[in-house]
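Source file model.txt; content: compact mmCIF, C-alpha atoms.
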```txt
# COMPACT_ATOMS: atom_id res chain seq x y z
CA MET A 1 26.15 38.49 40.01
CA PRO A 2 26.77 40.58 43.14
CA THR A 3 26.82 44.36 42.78
CA LYS A 4 30.02 46.31 43.22
CA GLU A 5 28.71 47.70 46.54
CA GLU A 6 27.92 44.22 47.84
CA VAL A 7 31.36 42.97 46.87
CA ILE A 8 33.02 45.96 48.55
CA ARG A 9 31.08 45.32 51.78
CA SER A 10 32.14 41.69 51.73
CA LEU A 11 35.81 42.50 51.03
CA VAL A 12 35.95 45.15 53.75
CA SER A 13 34.37 42.84 56.30
CA HIS A 14 36.81 40.05 55.41
CA HIS A 15 39.83 42.34 55.60
CA PHE A 16 38.89 43.47 59.10
CA ARG A 17 38.56 39.83 60.14
CA VAL A 18 41.99 38.73 58.91
CA GLU A 19 44.13 41.80 59.72
CA ALA A 20 43.97 42.84 63.36
CA GLY A 21 45.86 46.07 62.73
CA LEU A 22 43.37 47.56 60.28
CA GLU A 23 41.87 50.68 61.83
CA GLN A 24 39.82 51.84 58.89
CA ILE A 25 39.36 51.21 55.19
CA LEU A 26 38.65 54.02 52.77
CA VAL A 27 36.67 53.07 49.71
CA ILE A 28 37.99 55.38 47.01
CA PRO A 29 35.25 56.63 44.69
CA GLY A 30 35.26 55.63 41.04
CA GLU A 31 33.06 54.96 38.05
CA ALA A 32 31.21 51.64 37.86
CA ALA A 33 33.69 50.25 35.32
CA GLU A 34 36.72 51.25 37.38
CA PRO A 35 38.43 48.83 39.77
CA ILE A 36 37.43 48.60 43.42
CA LYS A 37 39.94 50.82 45.23
CA LEU A 38 40.67 50.26 48.91
CA LEU A 39 43.04 52.38 50.99
CA GLU A 40 43.66 50.47 54.19
CA VAL A 41 45.00 52.13 57.33
CA ASN A 42 47.01 49.45 59.08
CA ALA A 43 48.69 49.98 62.46
CA ASN A 44 50.60 46.73 61.92
CA THR A 45 52.38 47.84 58.79
CA PHE A 46 55.53 49.91 58.31
CA PRO A 47 55.90 53.35 56.81
CA SER A 48 57.23 53.34 53.28
CA GLY A 49 56.91 57.04 52.50
CA THR A 50 54.85 56.34 49.38
CA VAL A 51 51.42 54.91 48.63
CA ASP A 52 51.99 51.79 46.56
CA VAL A 53 48.88 50.41 44.87
CA PHE A 54 48.65 46.79 43.76
CA ALA A 55 46.03 45.49 41.34
CA PHE A 56 44.47 42.05 41.63
CA SER A 57 42.47 40.07 39.10
CA PRO A 58 38.75 39.37 39.40
CA THR A 59 37.53 36.05 40.78
CA GLN A 60 34.14 34.37 40.68
CA ASP A 61 33.22 35.95 44.04
CA VAL A 62 34.81 39.33 43.26
CA PRO A 63 34.12 39.97 39.58
CA PHE A 64 36.00 43.29 39.58
CA VAL A 65 39.65 44.24 39.43
CA THR A 66 40.59 45.19 42.99
CA GLU A 67 43.29 47.73 43.82
CA ILE A 68 44.65 47.73 47.37
CA ALA A 69 47.06 50.10 49.08
CA GLU A 70 47.93 50.29 52.72
CA VAL A 71 49.41 53.03 54.86
CA THR A 72 50.24 53.46 58.52
CA PRO A 73 47.96 55.71 60.63
CA GLU A 74 50.73 58.35 60.56
CA GLU A 75 50.95 58.18 56.77
CA PHE A 76 47.18 58.54 56.60
CA GLU A 77 47.45 61.76 58.63
CA ARG A 78 50.08 62.95 56.15
CA LEU A 79 47.74 62.12 53.26
CA LYS A 80 45.00 64.19 54.87
CA ARG A 81 47.44 67.10 55.30
CA ARG A 82 48.49 66.58 51.64
CA ASP A 83 52.00 66.02 52.88
CA LEU A 84 51.91 62.68 51.03
CA SER A 85 50.31 62.06 47.64
CA LEU A 86 47.90 59.45 46.41
CA PRO A 87 48.61 57.83 43.04
CA ALA A 88 46.83 58.73 39.80
CA GLY A 89 43.11 57.99 39.85
CA TRP A 90 42.89 57.98 43.65
CA THR A 91 41.39 60.74 45.79
CA LEU A 92 40.16 61.09 49.35
CA VAL A 93 37.44 63.47 48.15
CA GLY A 94 34.19 61.53 48.31
CA ALA A 95 35.90 58.46 49.81
CA THR A 96 33.81 56.38 52.22
CA ALA A 97 35.58 55.60 55.49
CA VAL A 98 34.67 52.30 57.12
CA HIS A 99 35.95 51.95 60.67
CA ARG A 100 36.77 48.65 62.36
CA PRO A 101 33.58 47.30 63.86
CA ALA A 102 33.52 47.19 67.66
CA ALA A 103 34.53 43.76 68.98
CA MET B 1 51.52 45.89 24.52
CA THR B 2 51.82 49.22 26.34
CA ARG B 3 55.03 50.55 27.88
CA ARG B 4 53.58 49.79 31.32
CA GLU B 5 52.85 46.17 30.35
CA ARG B 6 56.29 45.74 28.78
CA PHE B 7 57.94 46.91 32.01
CA ALA B 8 55.54 44.81 34.11
CA LEU B 9 56.49 41.68 32.18
CA ALA B 10 60.19 42.54 32.26
CA PHE B 11 60.15 42.98 36.05
CA TYR B 12 58.25 39.73 36.37
CA ASP B 13 60.70 37.83 34.14
CA GLN B 14 63.65 39.13 36.14
CA ALA B 15 61.87 38.35 39.44
CA LYS B 16 61.17 34.80 38.29
CA SER B 17 64.80 34.34 37.27
CA ASP B 18 65.96 35.68 40.68
CA TRP B 19 63.46 33.33 42.36
CA ASP B 20 64.86 30.36 40.40
CA VAL B 21 68.39 31.29 41.47
CA TYR B 22 67.19 31.59 45.09
CA ASN B 23 65.76 28.07 44.95
CA SER B 24 68.93 26.70 43.37
CA LEU B 25 71.19 28.40 45.93
CA ALA B 26 69.02 27.23 48.83
CA LYS B 27 69.91 23.63 47.91
CA LEU B 28 73.67 24.25 47.77
CA ARG B 29 74.21 25.02 51.48
CA LEU B 30 76.45 28.00 50.76
CA ALA B 31 76.63 30.99 53.08
CA ARG B 32 73.06 32.11 53.77
CA CYS B 33 73.60 35.67 52.56
CA HIS B 34 73.69 34.54 48.92
CA GLU B 35 70.27 32.90 48.89
CA LEU B 36 68.79 35.77 50.92
CA HIS B 37 70.21 38.27 48.44
CA TYR B 38 68.37 36.57 45.59
CA LEU B 39 65.21 36.16 47.65
CA GLN B 40 65.24 39.91 48.43
CA MET B 41 65.82 40.78 44.77
CA ALA B 42 63.03 38.46 43.59
CA CYS B 43 60.62 39.95 46.14
CA GLU B 44 61.48 43.55 45.27
CA LYS B 45 60.91 42.95 41.55
CA LEU B 46 57.68 41.05 42.15
CA ALA B 47 56.32 44.04 44.07
CA LYS B 48 57.21 46.29 41.12
CA ALA B 49 55.69 43.86 38.61
CA TYR B 50 52.42 43.91 40.58
CA ALA B 51 52.51 47.69 41.07
CA LEU B 52 52.76 47.98 37.28
CA ARG B 53 49.49 46.10 36.83
CA LYS B 54 47.60 49.24 37.85
CA VAL B 55 46.49 50.53 34.44
CA ASP B 56 47.37 54.16 35.20
CA ALA B 57 50.53 53.40 37.18
CA ASP B 58 53.30 55.98 36.88
CA VAL B 59 55.81 53.75 35.10
CA ASP B 60 58.86 55.91 35.78
CA SER B 61 58.01 56.24 39.45
CA VAL B 62 57.49 52.49 39.92
CA THR B 63 60.61 51.51 38.00
CA GLU B 64 62.90 54.08 39.62
CA GLN B 65 61.66 54.22 43.21
CA HIS B 66 61.53 51.61 45.94
CA VAL B 67 58.23 49.75 46.08
CA ALA B 68 57.57 48.34 49.55
CA PHE B 69 57.52 44.56 49.43
CA HIS B 70 55.77 44.27 52.80
CA SER B 71 52.93 46.47 51.47
CA PHE B 72 52.66 44.22 48.45
CA ILE B 73 52.51 41.00 50.48
CA ASN B 74 49.91 42.47 52.84
CA ALA B 75 47.78 43.56 49.87
CA TYR B 76 48.25 40.20 48.14
CA LEU B 77 47.15 38.38 51.28
CA ARG B 78 43.92 40.38 51.23
CA SER B 79 43.38 39.93 47.48
CA PRO B 80 40.22 38.18 46.24
CA ALA B 81 42.14 35.08 45.10
CA VAL B 82 43.77 34.49 48.50
CA ALA B 83 40.49 35.27 50.29
CA LYS B 84 38.84 32.59 48.15
CA ALA B 85 41.59 30.07 48.89
CA TYR B 86 41.14 30.65 52.63
CA ALA B 87 37.34 30.89 52.62
CA GLY B 88 35.97 29.70 55.96
CA GLN B 89 39.47 29.58 57.48
CA ASP B 90 39.79 33.05 58.97
CA ALA B 91 42.05 31.95 61.84
CA ARG B 92 44.50 30.28 59.44
CA HIS B 93 44.37 33.24 57.08
CA ARG B 94 44.97 35.64 60.00
CA GLU B 95 48.03 33.65 61.11
CA LEU B 96 49.42 33.63 57.55
CA CYS B 97 48.95 37.41 57.33
CA LYS B 98 50.76 37.95 60.62
CA THR B 99 53.76 35.70 59.91
CA SER B 100 54.14 36.65 56.27
CA GLY B 101 53.98 40.36 57.01
CA THR B 102 56.79 39.99 59.55
CA ILE B 103 58.99 37.95 57.21
CA ALA B 104 58.31 40.28 54.27
CA ARG B 105 59.49 43.23 56.33
CA GLU B 106 62.68 41.40 57.38
CA ILE B 107 63.44 40.53 53.75
CA GLU B 108 62.76 44.10 52.70
CA LYS B 109 65.27 45.38 55.26
CA LEU B 110 67.98 43.67 53.20
CA ALA B 111 67.20 45.91 50.21
CA PRO B 112 69.79 48.56 49.30
CA ALA B 113 67.04 51.22 49.25
CA VAL B 114 66.23 50.72 52.93
CA ASP B 115 67.89 53.00 55.48
CA ARG B 116 71.28 51.35 56.11
CA LYS B 117 71.87 53.37 59.28
CA ALA B 118 68.68 52.02 60.84
CA PHE B 119 69.07 48.49 59.45
CA PRO B 120 72.74 47.80 58.72
CA GLU B 121 72.32 44.04 58.26
CA ASN B 122 72.35 43.24 54.57
CA ALA B 123 73.27 40.36 52.28
CA GLU B 124 76.07 42.05 50.32
CA TYR B 125 78.37 44.38 52.26
CA PRO B 126 80.07 44.25 55.67
CA TRP B 127 78.73 46.53 58.40
CA GLU B 128 79.87 47.73 61.80
CA ARG B 129 78.30 47.06 65.18
CA GLY B 130 80.25 48.75 67.98
CA ASP B 131 83.87 47.68 67.51
CA THR B 132 82.94 44.65 65.44
CA VAL B 133 82.78 44.47 61.68
CA LEU B 134 80.25 41.88 60.55
CA THR B 135 80.48 40.04 57.25
CA PRO B 136 77.34 38.87 55.42
CA CYS B 137 78.81 35.45 54.52
CA LYS B 138 79.57 34.76 58.20
CA TYR B 139 76.33 36.18 59.59
CA SER B 140 73.37 33.94 60.47
CA PHE B 141 70.57 36.50 59.86
CA PRO B 142 68.66 35.44 62.98
CA ALA B 143 65.67 37.65 62.11
CA LEU B 144 65.11 35.46 59.08
CA SER B 145 65.34 32.14 60.92
CA LEU B 146 61.53 32.27 60.68
CA LEU B 147 61.96 31.07 57.10
CA GLU B 148 62.83 27.59 58.39
CA GLU B 149 59.74 27.39 60.57
CA PRO B 150 56.26 26.33 59.39
CA GLY B 151 55.20 29.99 58.97
CA GLY B 152 58.29 30.63 56.88
CA ARG B 153 57.58 27.69 54.63
CA ALA B 154 54.03 28.97 54.20
CA PHE B 155 55.48 32.36 53.27
CA LEU B 156 57.78 30.78 50.64
CA ARG B 157 54.84 28.84 49.20
CA LEU B 158 53.00 32.15 49.00
CA VAL B 159 55.88 33.74 47.06
CA ALA B 160 55.93 30.71 44.75
CA GLU B 161 52.21 31.27 44.15
CA VAL B 162 52.78 34.96 43.44
CA VAL B 163 55.41 33.98 40.86
CA ARG B 164 53.25 31.26 39.32
CA ASP B 165 50.02 33.28 39.02
CA TYR B 166 51.40 36.50 37.56
CA THR B 167 49.94 38.16 34.49
CA PRO B 168 50.95 41.70 33.43
CA THR B 169 47.33 42.88 33.54
CA ALA B 170 44.92 42.31 36.43
```
Once you've parsed the file, please lay out its structure as structure tokens.
Amino acid sequence: MPTKEEVIRSLVSHHFRVEAGLEQILVIPGEAAEPIKLLEVNANTFPSGTVDVFAFSPTQDVPFVTEIAEVTPEEFERLKRRDLSLPAGWTLVGATAVHRPAA
Amino acid sequence: MTRRERFALAFYDQAKSDWDVYNSLAKLRLARCHELHYLQMACEKLAKAYALRKVDADVDSVTEQHVAFHSFINAYLRSPAVAKAYAGQDARHRELCKTSGTIAREIEKLAPAVDRKAFPENAEYPWERGDTVLTPCKYSFPALSLLEEPGGRAFLRLVAEVVRDYTPTA
């Protein structure tokens, strides 16, 4: 069974491949038993003024619950300024930022 | 069952019922606004039902505030299950993401919670453009003509899949 870190690397790589607007993905820290949490900064999305998180079931390849939220680059700046809040259980403290690989 | 799960299931049940009405109306060839109204309502409730799968979701916030449907569809398209279904087909997956994201946003603009000054077109109430008053039942909703194209049909199949695969806990 792949480790959580391996699965995260694979998910992040796949997300960059299928969504051209993704600028960076923040892997939100959590305990081993917690879901994988990805905050995705997407220039192709629209501001909603909130950070909505959606949870997805494990699969054979991704044997962890995966939570995904996306924000615009402007909303991400607001999050950093604490002008916009993250939902319960999510924090930018200790988050790992993965930037889009150079083409 | 927790309060969160009870609400999650309730939003799902209502979304599924709205989705069934959408499909029934789509066959009747009535004014387009009616089917779009039910499609928008189904999509909005599906987004809430999925937001309520997060085990520590703030139930009151999710039930009372607008949950962005386009954010949900974008997240769903990058979920492990969809990634698996499109394994080895990145170009196809990319195209689905692009088209579905656009359509999801257009459907979301019909929602009452969206800024009516910025996006006056909606499926329920007349609106004004210059000196003209436009009526939903006589309006063609050109931004949603994408629904009749191959990308639109793929989007509707995606919504059908979202409806079919739902469970109140991830």
Subject >> Contacts of stretch 93-106 of chain B within 7 Å, all atoms listed in the file, excl. fewer than 3 positions in-chain, as a PyMOL selection string >> reply: (chain A and resi 18-19) or (chain B and resi 69-70+73-74+77+86+89-90+109+143-144+151+155)
Could you take the residues named above and write them with C-alpha atoms, as an mmCIF file, in the frame of the given file?
```
data_model
loop_
_atom_site.group_PDB
_atom_site.id
_atom_site.type_symbol
_atom_site.label_atom_id
_atom_site.label_comp_id
_atom_site.auth_asym_id
_atom_site.auth_seq_id
_atom_site.Cartn_x
_atom_site.Cartn_y
_atom_site.Cartn_z
ATOM 1 C CA VAL A 18 41.990 38.730 58.910
ATOM 2 C CA GLU A 19 44.130 41.800 59.720
ATOM 3 C CA PHE B 69 57.520 44.560 49.430
ATOM 4 C CA HIS B 70 55.770 44.270 52.800
ATOM 5 C CA ILE B 73 52.510 41.000 50.480
ATOM 6 C CA ASN B 74 49.910 42.470 52.840
ATOM 7 C CA LEU B 77 47.150 38.380 51.280
ATOM 8 C CA TYR B 86 41.140 30.650 52.630
ATOM 9 C CA GLN B 89 39.470 29.580 57.480
ATOM 10 C CA ASP B 90 39.790 33.050 58.970
ATOM 11 C CA LYS B 109 65.270 45.380 55.260
ATOM 12 C CA ALA B 143 65.670 37.650 62.110
ATOM 13 C CA LEU B 144 65.110 35.460 59.080
ATOM 14 C CA GLY B 151 55.200 29.990 58.970
ATOM 15 C CA PHE B 155 55.480 32.360 53.270
#
```
Close residues, stretch 117-122 of chain B itself excluded, 12 Å, all atoms listed in the file, min 4 positions apart in chain, as a PDB file with C-alpha atoms, keeping the file's coordinate frame:
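To be explicit, this is the file written out as part_27.pdb:
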```pdb
ATOM      1  CA  ARG B  32      73.060  32.110  53.770  1.00  0.00           C
ATOM      2  CA  CYS B  33      73.600  35.670  52.560  1.00  0.00           C
ATOM      3  CA  HIS B  34      73.690  34.540  48.920  1.00  0.00           C
ATOM      4  CA  GLU B  35      70.270  32.900  48.890  1.00  0.00           C
ATOM      5  CA  LEU B  36      68.790  35.770  50.920  1.00  0.00           C
ATOM      6  CA  HIS B  37      70.210  38.270  48.440  1.00  0.00           C
ATOM      7  CA  TYR B  38      68.370  36.570  45.590  1.00  0.00           C
ATOM      8  CA  GLN B  40      65.240  39.910  48.430  1.00  0.00           C
ATOM      9  CA  ARG B 105      59.490  43.230  56.330  1.00  0.00           C
ATOM     10  CA  GLU B 106      62.680  41.400  57.380  1.00  0.00           C
ATOM     11  CA  ILE B 107      63.440  40.530  53.750  1.00  0.00           C
ATOM     12  CA  GLU B 108      62.760  44.100  52.700  1.00  0.00           C
ATOM     13  CA  LYS B 109      65.270  45.380  55.260  1.00  0.00           C
ATOM     14  CA  LEU B 110      67.980  43.670  53.200  1.00  0.00           C
ATOM     15  CA  ALA B 111      67.200  45.910  50.210  1.00  0.00           C
ATOM     16  CA  PRO B 112      69.790  48.560  49.300  1.00  0.00           C
ATOM     17  CA  ALA B 113      67.040  51.220  49.250  1.00  0.00           C
ATOM     18  CA  PRO B 126      80.070  44.250  55.670  1.00  0.00           C
ATOM     19  CA  TRP B 127      78.730  46.530  58.400  1.00  0.00           C
ATOM     20  CA  GLU B 128      79.870  47.730  61.800  1.00  0.00           C
ATOM     21  CA  ARG B 129      78.300  47.060  65.180  1.00  0.00           C
ATOM     22  CA  GLY B 130      80.250  48.750  67.980  1.00  0.00           C
ATOM     23  CA  VAL B 133      82.780  44.470  61.680  1.00  0.00           C
ATOM     24  CA  LEU B 134      80.250  41.880  60.550  1.00  0.00           C
ATOM     25  CA  THR B 135      80.480  40.040  57.250  1.00  0.00           C
ATOM     26  CA  PRO B 136      77.340  38.870  55.420  1.00  0.00           C
ATOM     27  CA  CYS B 137      78.810  35.450  54.520  1.00  0.00           C
ATOM     28  CA  LYS B 138      79.570  34.760  58.200  1.00  0.00           C
ATOM     29  CA  TYR B 139      76.330  36.180  59.590  1.00  0.00           C
ATOM     30  CA  SER B 140      73.370  33.940  60.470  1.00  0.00           C
ATOM     31  CA  PHE B 141      70.570  36.500  59.860  1.00  0.00           C
ATOM     32  CA  PRO B 142      68.660  35.440  62.980  1.00  0.00           C
ATOM     33  CA  ALA B 143      65.670  37.650  62.110  1.00  0.00           C
ATOM     34  CA  LEU B 144      65.110  35.460  59.080  1.00  0.00           C
TER      35      LEU B 144
END
```
Subject >> Gap from atom CA of B:Ala26 to atom CA of B:Arg153 - Å, one decimal >> reply: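 So the two atoms, atom CA of B:Ala26 and atom CA of B:Arg153, lie 12.8 Å apart.
Residue nearest chain A, chosen from B:Arg92, B:Arg53, B:Arg116, B:Arg157 and counting all atoms listed in the file: B:Arg53.
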As a JSON list (two decimals) with C-alpha atoms, keeping the file's coordinate frame, could you give me every residue of chain A near chain B (at most 12 Å apart, counting all atoms listed in the file)?
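What ended up in part_20.json:
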```
[["chain", "number", "residue", "atom", "x", "y", "z"],
["A", 7, "VAL", "CA", 31.36, 42.97, 46.87],
["A", 8, "ILE", "CA", 33.02, 45.96, 48.55],
["A", 10, "SER", "CA", 32.14, 41.69, 51.73],
["A", 11, "LEU", "CA", 35.81, 42.50, 51.03],
["A", 12, "VAL", "CA", 35.95, 45.15, 53.75],
["A", 13, "SER", "CA", 34.37, 42.84, 56.30],
["A", 14, "HIS", "CA", 36.81, 40.05, 55.41],
["A", 15, "HIS", "CA", 39.83, 42.34, 55.60],
["A", 16, "PHE", "CA", 38.89, 43.47, 59.10],
["A", 17, "ARG", "CA", 38.56, 39.83, 60.14],
["A", 18, "VAL", "CA", 41.99, 38.73, 58.91],
["A", 19, "GLU", "CA", 44.13, 41.80, 59.72],
["A", 20, "ALA", "CA", 43.97, 42.84, 63.36],
["A", 21, "GLY", "CA", 45.86, 46.07, 62.73],
["A", 22, "LEU", "CA", 43.37, 47.56, 60.28],
["A", 34, "GLU", "CA", 36.72, 51.25, 37.38],
["A", 35, "PRO", "CA", 38.43, 48.83, 39.77],
["A", 36, "ILE", "CA", 37.43, 48.60, 43.42],
["A", 37, "LYS", "CA", 39.94, 50.82, 45.23],
["A", 38, "LEU", "CA", 40.67, 50.26, 48.91],
["A", 39, "LEU", "CA", 43.04, 52.38, 50.99],
["A", 40, "GLU", "CA", 43.66, 50.47, 54.19],
["A", 41, "VAL", "CA", 45.00, 52.13, 57.33],
["A", 42, "ASN", "CA", 47.01, 49.45, 59.08],
["A", 44, "ASN", "CA", 50.60, 46.73, 61.92],
["A", 45, "THR", "CA", 52.38, 47.84, 58.79],
["A", 46, "PHE", "CA", 55.53, 49.91, 58.31],
["A", 47, "PRO", "CA", 55.90, 53.35, 56.81],
["A", 48, "SER", "CA", 57.23, 53.34, 53.28],
["A", 49, "GLY", "CA", 56.91, 57.04, 52.50],
["A", 50, "THR", "CA", 54.85, 56.34, 49.38],
["A", 51, "VAL", "CA", 51.42, 54.91, 48.63],
["A", 52, "ASP", "CA", 51.99, 51.79, 46.56],
["A", 53, "VAL", "CA", 48.88, 50.41, 44.87],
["A", 54, "PHE", "CA", 48.65, 46.79, 43.76],
["A", 55, "ALA", "CA", 46.03, 45.49, 41.34],
["A", 56, "PHE", "CA", 44.47, 42.05, 41.63],
["A", 57, "SER", "CA", 42.47, 40.07, 39.10],
["A", 58, "PRO", "CA", 38.75, 39.37, 39.40],
["A", 59, "THR", "CA", 37.53, 36.05, 40.78],
["A", 60, "GLN", "CA", 34.14, 34.37, 40.68],
["A", 61, "ASP", "CA", 33.22, 35.95, 44.04],
["A", 62, "VAL", "CA", 34.81, 39.33, 43.26],
["A", 63, "PRO", "CA", 34.12, 39.97, 39.58],
["A", 64, "PHE", "CA", 36.00, 43.29, 39.58],
["A", 65, "VAL", "CA", 39.65, 44.24, 39.43],
["A", 66, "THR", "CA", 40.59, 45.19, 42.99],
["A", 67, "GLU", "CA", 43.29, 47.73, 43.82],
["A", 68, "ILE", "CA", 44.65, 47.73, 47.37],
["A", 69, "ALA", "CA", 47.06, 50.10, 49.08],
["A", 70, "GLU", "CA", 47.93, 50.29, 52.72],
["A", 71, "VAL", "CA", 49.41, 53.03, 54.86],
["A", 72, "THR", "CA", 50.24, 53.46, 58.52],
["A", 86, "LEU", "CA", 47.90, 59.45, 46.41],
["A", 87, "PRO", "CA", 48.61, 57.83, 43.04],
["A", 88, "ALA", "CA", 46.83, 58.73, 39.80],
["A", 89, "GLY", "CA", 43.11, 57.99, 39.85],
["A", 90, "TRP", "CA", 42.89, 57.98, 43.65]]
```
What are the centre and edge lengths in Å, to one decimal, of the axis-aligned box around all listed atoms of stretch 145-154 of chain B with 6 Å added on each side, as lines of an AutoDock Vina configuration file?
```
center_x = 59.7
center_y = 29.3
center_z = 57.6
size_x = 23.3
size_y = 17.9
size_z = 18.7
```
**OP:** Please provide as a ChimeraX atom specification all residues within 6 Å of stretch 93-100 of chain A, with the sequence filter that same-chain residues fewer than 3 positions apart are discarded (counting only C-alpha atoms).
**Re:** /A:23-29
**OP:** Grab the atom CA of B:Ser145 to atom CA of B:Arg29 distance for me, in Å with one decimal place.
**Re:**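 These atoms are spaced 14.8 Å apart.
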Just stretch 14-50 of chain A from the block, C-alpha atoms, as a PDB file, in the first residue's frame, could you?
```pdb
ATOM      1  CA  HIS A  14      -2.029  14.713 -11.510  1.00  0.00           C
ATOM      2  CA  HIS A  15      -3.895  17.863 -10.519  1.00  0.00           C
ATOM      3  CA  PHE A  16      -1.259  20.070 -12.134  1.00  0.00           C
ATOM      4  CA  ARG A  17      -1.541  18.003 -15.313  1.00  0.00           C
ATOM      5  CA  VAL A  18      -5.322  18.295 -15.657  1.00  0.00           C
ATOM      6  CA  GLU A  19      -5.949  21.874 -14.449  1.00  0.00           C
ATOM      7  CA  ALA A  20      -3.944  24.476 -16.336  1.00  0.00           C
ATOM      8  CA  GLY A  21      -4.939  27.261 -13.957  1.00  0.00           C
ATOM      9  CA  LEU A  22      -3.448  25.700 -10.829  1.00  0.00           C
ATOM     10  CA  GLU A  23      -0.620  27.922  -9.606  1.00  0.00           C
ATOM     11  CA  GLN A  24       0.186  26.083  -6.414  1.00  0.00           C
ATOM     12  CA  ILE A  25      -1.190  23.418  -4.120  1.00  0.00           C
ATOM     13  CA  LEU A  26      -0.856  23.649  -0.366  1.00  0.00           C
ATOM     14  CA  VAL A  27      -0.743  20.361   1.466  1.00  0.00           C
ATOM     15  CA  ILE A  28      -2.396  21.115   4.793  1.00  0.00           C
ATOM     16  CA  PRO A  29      -0.711  19.335   7.700  1.00  0.00           C
ATOM     17  CA  GLY A  30      -2.578  16.679   9.638  1.00  0.00           C
ATOM     18  CA  GLU A  31      -2.169  13.511  11.644  1.00  0.00           C
ATOM     19  CA  ALA A  32      -1.590  10.241   9.785  1.00  0.00           C
ATOM     20  CA  ALA A  33      -5.202   9.147  10.311  1.00  0.00           C
ATOM     21  CA  GLU A  34      -6.639  12.446   9.083  1.00  0.00           C
ATOM     22  CA  PRO A  35      -7.734  12.958   5.476  1.00  0.00           C
ATOM     23  CA  ILE A  36      -5.364  14.289   2.843  1.00  0.00           C
ATOM     24  CA  LYS A  37      -6.117  18.023   2.691  1.00  0.00           C
ATOM     25  CA  LEU A  38      -5.305  20.009  -0.437  1.00  0.00           C
ATOM     26  CA  LEU A  39      -5.841  23.746  -0.817  1.00  0.00           C
ATOM     27  CA  GLU A  40      -5.525  24.503  -4.508  1.00  0.00           C
ATOM     28  CA  VAL A  41      -4.849  27.999  -5.826  1.00  0.00           C
ATOM     29  CA  ASN A  42      -6.562  28.131  -9.189  1.00  0.00           C
ATOM     30  CA  ALA A  43      -6.386  31.158 -11.495  1.00  0.00           C
ATOM     31  CA  ASN A  44      -9.166  29.614 -13.598  1.00  0.00           C
ATOM     32  CA  THR A  45     -11.733  29.541 -10.837  1.00  0.00           C
ATOM     33  CA  PHE A  46     -14.064  32.241  -9.530  1.00  0.00           C
ATOM     34  CA  PRO A  47     -14.076  33.941  -6.164  1.00  0.00           C
ATOM     35  CA  SER A  48     -16.741  32.671  -3.815  1.00  0.00           C
ATOM     36  CA  GLY A  49     -15.770  34.593  -0.693  1.00  0.00           C
ATOM     37  CA  THR A  50     -15.553  31.398   1.361  1.00  0.00           C
TER      38      THR A  50
END
```
